[in-house]
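Working notes, structure below.
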Amino acid sequence: MLEDFSLDEDGYSVLGAPARDDPAKCAEYGRDRRDELLKYLRKGIPVGVSMNLTGLPEWKREGSSRDRWHAFVVTGFELRGPKGDEAVFLVRNSWGGVNPELPQTRLCRISKLLFV
């Protein structure tokens, strides 16, 4: 079980592949990040994050063949789903163009809150 994790100093534990690609596991282990993000966003404070983008096609930068870690700002959220309890986070990305949404099922990929 522990082989699926790594720890970034002063950060969150990060699920390794393939566990991070399982939406249920990612949502479970990303719950602390969800709560922390919502705490600041509900006060109107955007949050910078560092996240592993490996294997996420919506984050693929045009002209780039490498997967990578990337930093971006979470600027807001919407509650969706049949019960209205599934958070989808809105982001502002330095790459320009389309800013992908960040569903709570991918929050286990966040390693750090960079600033609040």
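So you can find residues: chains in the structure tokens are A, B, ... in the order shown, residues in each start at 1, and ligands are numbered from 1 in order.
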> Skipping near chain neighbours, those fewer than 3 positions away, what residues fall within 9 Å of Pro100 of chain A using only C-alpha atoms, listed as a list in words?
Replying inline: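 In the requested format, the answer is Glu58, Trp59, Leu90, Val91, Arg92 and Asn93 of chain A.
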> What lies within 12 Å of Val73 of chain A using only C-alpha atoms, ignoring chain neighbours under 5 positions off, as a list in words?
Replying inline: Leu37, Leu41, Ile45, Pro46, Val47, Gly48, Val49, Ser50, Met51, Phe89, Leu90, Val91, Arg92, Asn93, Ser94, Trp95, Asn99, Pro100, Glu101, Leu102, Ile110, Lys112, Leu113, Leu114, Phe115 and Val116 of chain A
> Among chain A, which ones does DSSP place in helix (DSSP H, G or I), written as a PyMOL selection string?
Replying inline: chain A and resi 2-4+19-21+23-29+31-41+57-59+104-109
> segment 8-114 of chain A: which residues are strand (DSSP E or B) by DSSP, as a VMD selection string?
Replying inline: chain A and resid 13 to 15 47 to 52 69 to 80 86 to 92 102 to 103 110 to 114
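Across the model, the gap from atom CA of Gly96 of chain A to atom CA of Lys60 of chain A is 12.2 Å.
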Selection near Arg109 of chain A, 8 Å with only C-alpha atoms, sequence-local residues under 2 positions removed, as a PDB file with all heavy atoms, in the first residue's frame:
```pdb
ATOM      1  N   VAL A  14       1.340  12.171  -2.293  1.00  0.00           N
ATOM      2  CA  VAL A  14       0.870  12.085  -3.679  1.00  0.00           C
ATOM      3  C   VAL A  14       0.748  10.625  -4.065  1.00  0.00           C
ATOM      4  O   VAL A  14       1.686   9.853  -3.889  1.00  0.00           O
ATOM      5  CB  VAL A  14       1.870  12.798  -4.625  1.00  0.00           C
ATOM      6  CG1 VAL A  14       1.427  12.685  -6.061  1.00  0.00           C
ATOM      7  CG2 VAL A  14       2.028  14.261  -4.232  1.00  0.00           C
ATOM      8  N   LEU A  15      -0.406  10.230  -4.572  1.00  0.00           N
ATOM      9  CA  LEU A  15      -0.595   8.865  -5.032  1.00  0.00           C
ATOM     10  C   LEU A  15       0.224   8.633  -6.289  1.00  0.00           C
ATOM     11  O   LEU A  15       0.251   9.467  -7.185  1.00  0.00           O
ATOM     12  CB  LEU A  15      -2.067   8.609  -5.377  1.00  0.00           C
ATOM     13  CG  LEU A  15      -3.017   8.313  -4.240  1.00  0.00           C
ATOM     14  CD1 LEU A  15      -4.433   8.202  -4.778  1.00  0.00           C
ATOM     15  CD2 LEU A  15      -2.628   7.053  -3.520  1.00  0.00           C
ATOM     16  N   ARG A  20      -3.331   6.952  -8.811  1.00  0.00           N
ATOM     17  CA  ARG A  20      -3.813   8.324  -8.998  1.00  0.00           C
ATOM     18  C   ARG A  20      -4.796   8.438 -10.153  1.00  0.00           C
ATOM     19  O   ARG A  20      -5.523   9.408 -10.260  1.00  0.00           O
ATOM     20  CB  ARG A  20      -2.646   9.289  -9.177  1.00  0.00           C
ATOM     21  CG  ARG A  20      -1.971   9.137 -10.505  1.00  0.00           C
ATOM     22  CD  ARG A  20      -1.009  10.281 -10.769  1.00  0.00           C
ATOM     23  NE  ARG A  20      -0.308   9.987 -11.982  1.00  0.00           N
ATOM     24  CZ  ARG A  20       1.005   9.882 -12.092  1.00  0.00           C
ATOM     25  NH1 ARG A  20       1.772  10.082 -11.051  1.00  0.00           N
ATOM     26  NH2 ARG A  20       1.553   9.597 -13.237  1.00  0.00           N
ATOM     27  N   CYS A  26      -8.466   8.677  -6.036  1.00  0.00           N
ATOM     28  CA  CYS A  26      -7.967  10.049  -6.105  1.00  0.00           C
ATOM     29  C   CYS A  26      -8.881  10.992  -5.319  1.00  0.00           C
ATOM     30  O   CYS A  26      -8.404  11.870  -4.611  1.00  0.00           O
ATOM     31  CB  CYS A  26      -7.842  10.498  -7.556  1.00  0.00           C
ATOM     32  SG  CYS A  26      -6.792  11.944  -7.774  1.00  0.00           S
ATOM     33  N   GLY A  30      -7.647  12.929  -2.099  1.00  0.00           N
ATOM     34  CA  GLY A  30      -7.625  14.357  -2.362  1.00  0.00           C
ATOM     35  C   GLY A  30      -8.585  15.160  -1.508  1.00  0.00           C
ATOM     36  O   GLY A  30      -8.675  16.368  -1.635  1.00  0.00           O
ATOM     37  N   MET A  51       0.764  20.692  -9.369  1.00  0.00           N
ATOM     38  CA  MET A  51       0.031  19.460  -9.652  1.00  0.00           C
ATOM     39  C   MET A  51       0.740  18.641 -10.723  1.00  0.00           C
ATOM     40  O   MET A  51       1.317  19.191 -11.662  1.00  0.00           O
ATOM     41  CB  MET A  51      -1.378  19.809 -10.125  1.00  0.00           C
ATOM     42  CG  MET A  51      -2.281  18.615 -10.294  1.00  0.00           C
ATOM     43  SD  MET A  51      -3.981  19.126 -10.645  1.00  0.00           S
ATOM     44  CE  MET A  51      -4.228  18.346 -12.220  1.00  0.00           C
ATOM     45  N   ASN A  52       0.673  17.319 -10.594  1.00  0.00           N
ATOM     46  CA  ASN A  52       1.209  16.406 -11.596  1.00  0.00           C
ATOM     47  C   ASN A  52       0.205  16.284 -12.734  1.00  0.00           C
ATOM     48  O   ASN A  52      -0.932  15.890 -12.528  1.00  0.00           O
ATOM     49  CB  ASN A  52       1.464  15.039 -10.964  1.00  0.00           C
ATOM     50  CG  ASN A  52       2.093  14.077 -11.925  1.00  0.00           C
ATOM     51  OD1 ASN A  52       1.555  13.811 -12.992  1.00  0.00           O
ATOM     52  ND2 ASN A  52       3.237  13.544 -11.548  1.00  0.00           N
ATOM     53  N   LEU A  53       0.628  16.608 -13.944  1.00  0.00           N
ATOM     54  CA  LEU A  53      -0.252  16.590 -15.111  1.00  0.00           C
ATOM     55  C   LEU A  53      -0.070  15.349 -15.980  1.00  0.00           C
ATOM     56  O   LEU A  53      -0.707  15.235 -17.022  1.00  0.00           O
ATOM     57  CB  LEU A  53       0.005  17.832 -15.978  1.00  0.00           C
ATOM     58  CG  LEU A  53      -0.112  19.183 -15.288  1.00  0.00           C
ATOM     59  CD1 LEU A  53       0.152  20.290 -16.288  1.00  0.00           C
ATOM     60  CD2 LEU A  53      -1.464  19.347 -14.634  1.00  0.00           C
ATOM     61  N   ARG A 106      -9.477  14.534  -9.238  1.00  0.00           N
ATOM     62  CA  ARG A 106      -8.067  14.636  -9.627  1.00  0.00           C
ATOM     63  C   ARG A 106      -7.234  15.392  -8.589  1.00  0.00           C
ATOM     64  O   ARG A 106      -6.068  15.675  -8.820  1.00  0.00           O
ATOM     65  CB  ARG A 106      -7.959  15.317 -10.983  1.00  0.00           C
ATOM     66  CG  ARG A 106      -8.535  14.445 -12.078  1.00  0.00           C
ATOM     67  CD  ARG A 106      -7.985  14.788 -13.400  1.00  0.00           C
ATOM     68  NE  ARG A 106      -8.361  13.787 -14.371  1.00  0.00           N
ATOM     69  CZ  ARG A 106      -8.672  14.056 -15.623  1.00  0.00           C
ATOM     70  NH1 ARG A 106      -8.653  15.297 -16.039  1.00  0.00           N
ATOM     71  NH2 ARG A 106      -8.978  13.093 -16.448  1.00  0.00           N
ATOM     72  N   LEU A 107      -7.817  15.688  -7.459  1.00  0.00           N
ATOM     73  CA  LEU A 107      -7.113  16.498  -6.457  1.00  0.00           C
ATOM     74  C   LEU A 107      -5.970  15.761  -5.774  1.00  0.00           C
ATOM     75  O   LEU A 107      -5.095  16.389  -5.202  1.00  0.00           O
ATOM     76  CB  LEU A 107      -8.096  17.034  -5.412  1.00  0.00           C
ATOM     77  CG  LEU A 107      -9.141  18.008  -5.940  1.00  0.00           C
ATOM     78  CD1 LEU A 107     -10.027  18.489  -4.799  1.00  0.00           C
ATOM     79  CD2 LEU A 107      -8.517  19.183  -6.671  1.00  0.00           C
ATOM     80  N   SER A 111       0.355  18.461  -5.114  1.00  0.00           N
ATOM     81  CA  SER A 111       1.387  18.187  -4.114  1.00  0.00           C
ATOM     82  C   SER A 111       1.541  19.326  -3.124  1.00  0.00           C
ATOM     83  O   SER A 111       1.965  19.102  -2.000  1.00  0.00           O
ATOM     84  CB  SER A 111       2.729  17.916  -4.780  1.00  0.00           C
ATOM     85  OG  SER A 111       3.217  19.091  -5.386  1.00  0.00           O
TER      86      SER A 111
END
```
> Could you name the residues that touch Leu38 of chain A at 9 Å or less, counting only C-alpha atoms, but leaving out those on the same chain fewer than 6 positions away, as a ChimeraX atom specification?
Replying inline: /A:76-77,87
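Minimum atom-to-atom distances from A:Ala71, A:Lys43, A:Thr54, A:Glu36 to Asp21 of chain A were compared using only C-alpha atoms, and the lowest value belongs to A:Thr54.
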>> Would you compute the distance between atom CA of Ala24 of chain A and atom CA of Thr105 of chain A? Give it in Å to one decimal.
In response: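 For atom CA of Ala24 of chain A relative to atom CA of Thr105 of chain A, the distance reads 6.8 Å.
Among the candidate residues A:Ala17, A:Val74, A:Val98, A:Leu56, the one lying nearest to Arg33 of chain A is A:Val74, with distances computed using only C-alpha atoms.
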>> One decimal, in Å: what's the spacing between atom CA of Tyr12 of chain A and atom CA of Arg42 of chain A?
In response: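 Separation of atom CA of Tyr12 of chain A and atom CA of Arg42 of chain A: 21.3 Å.
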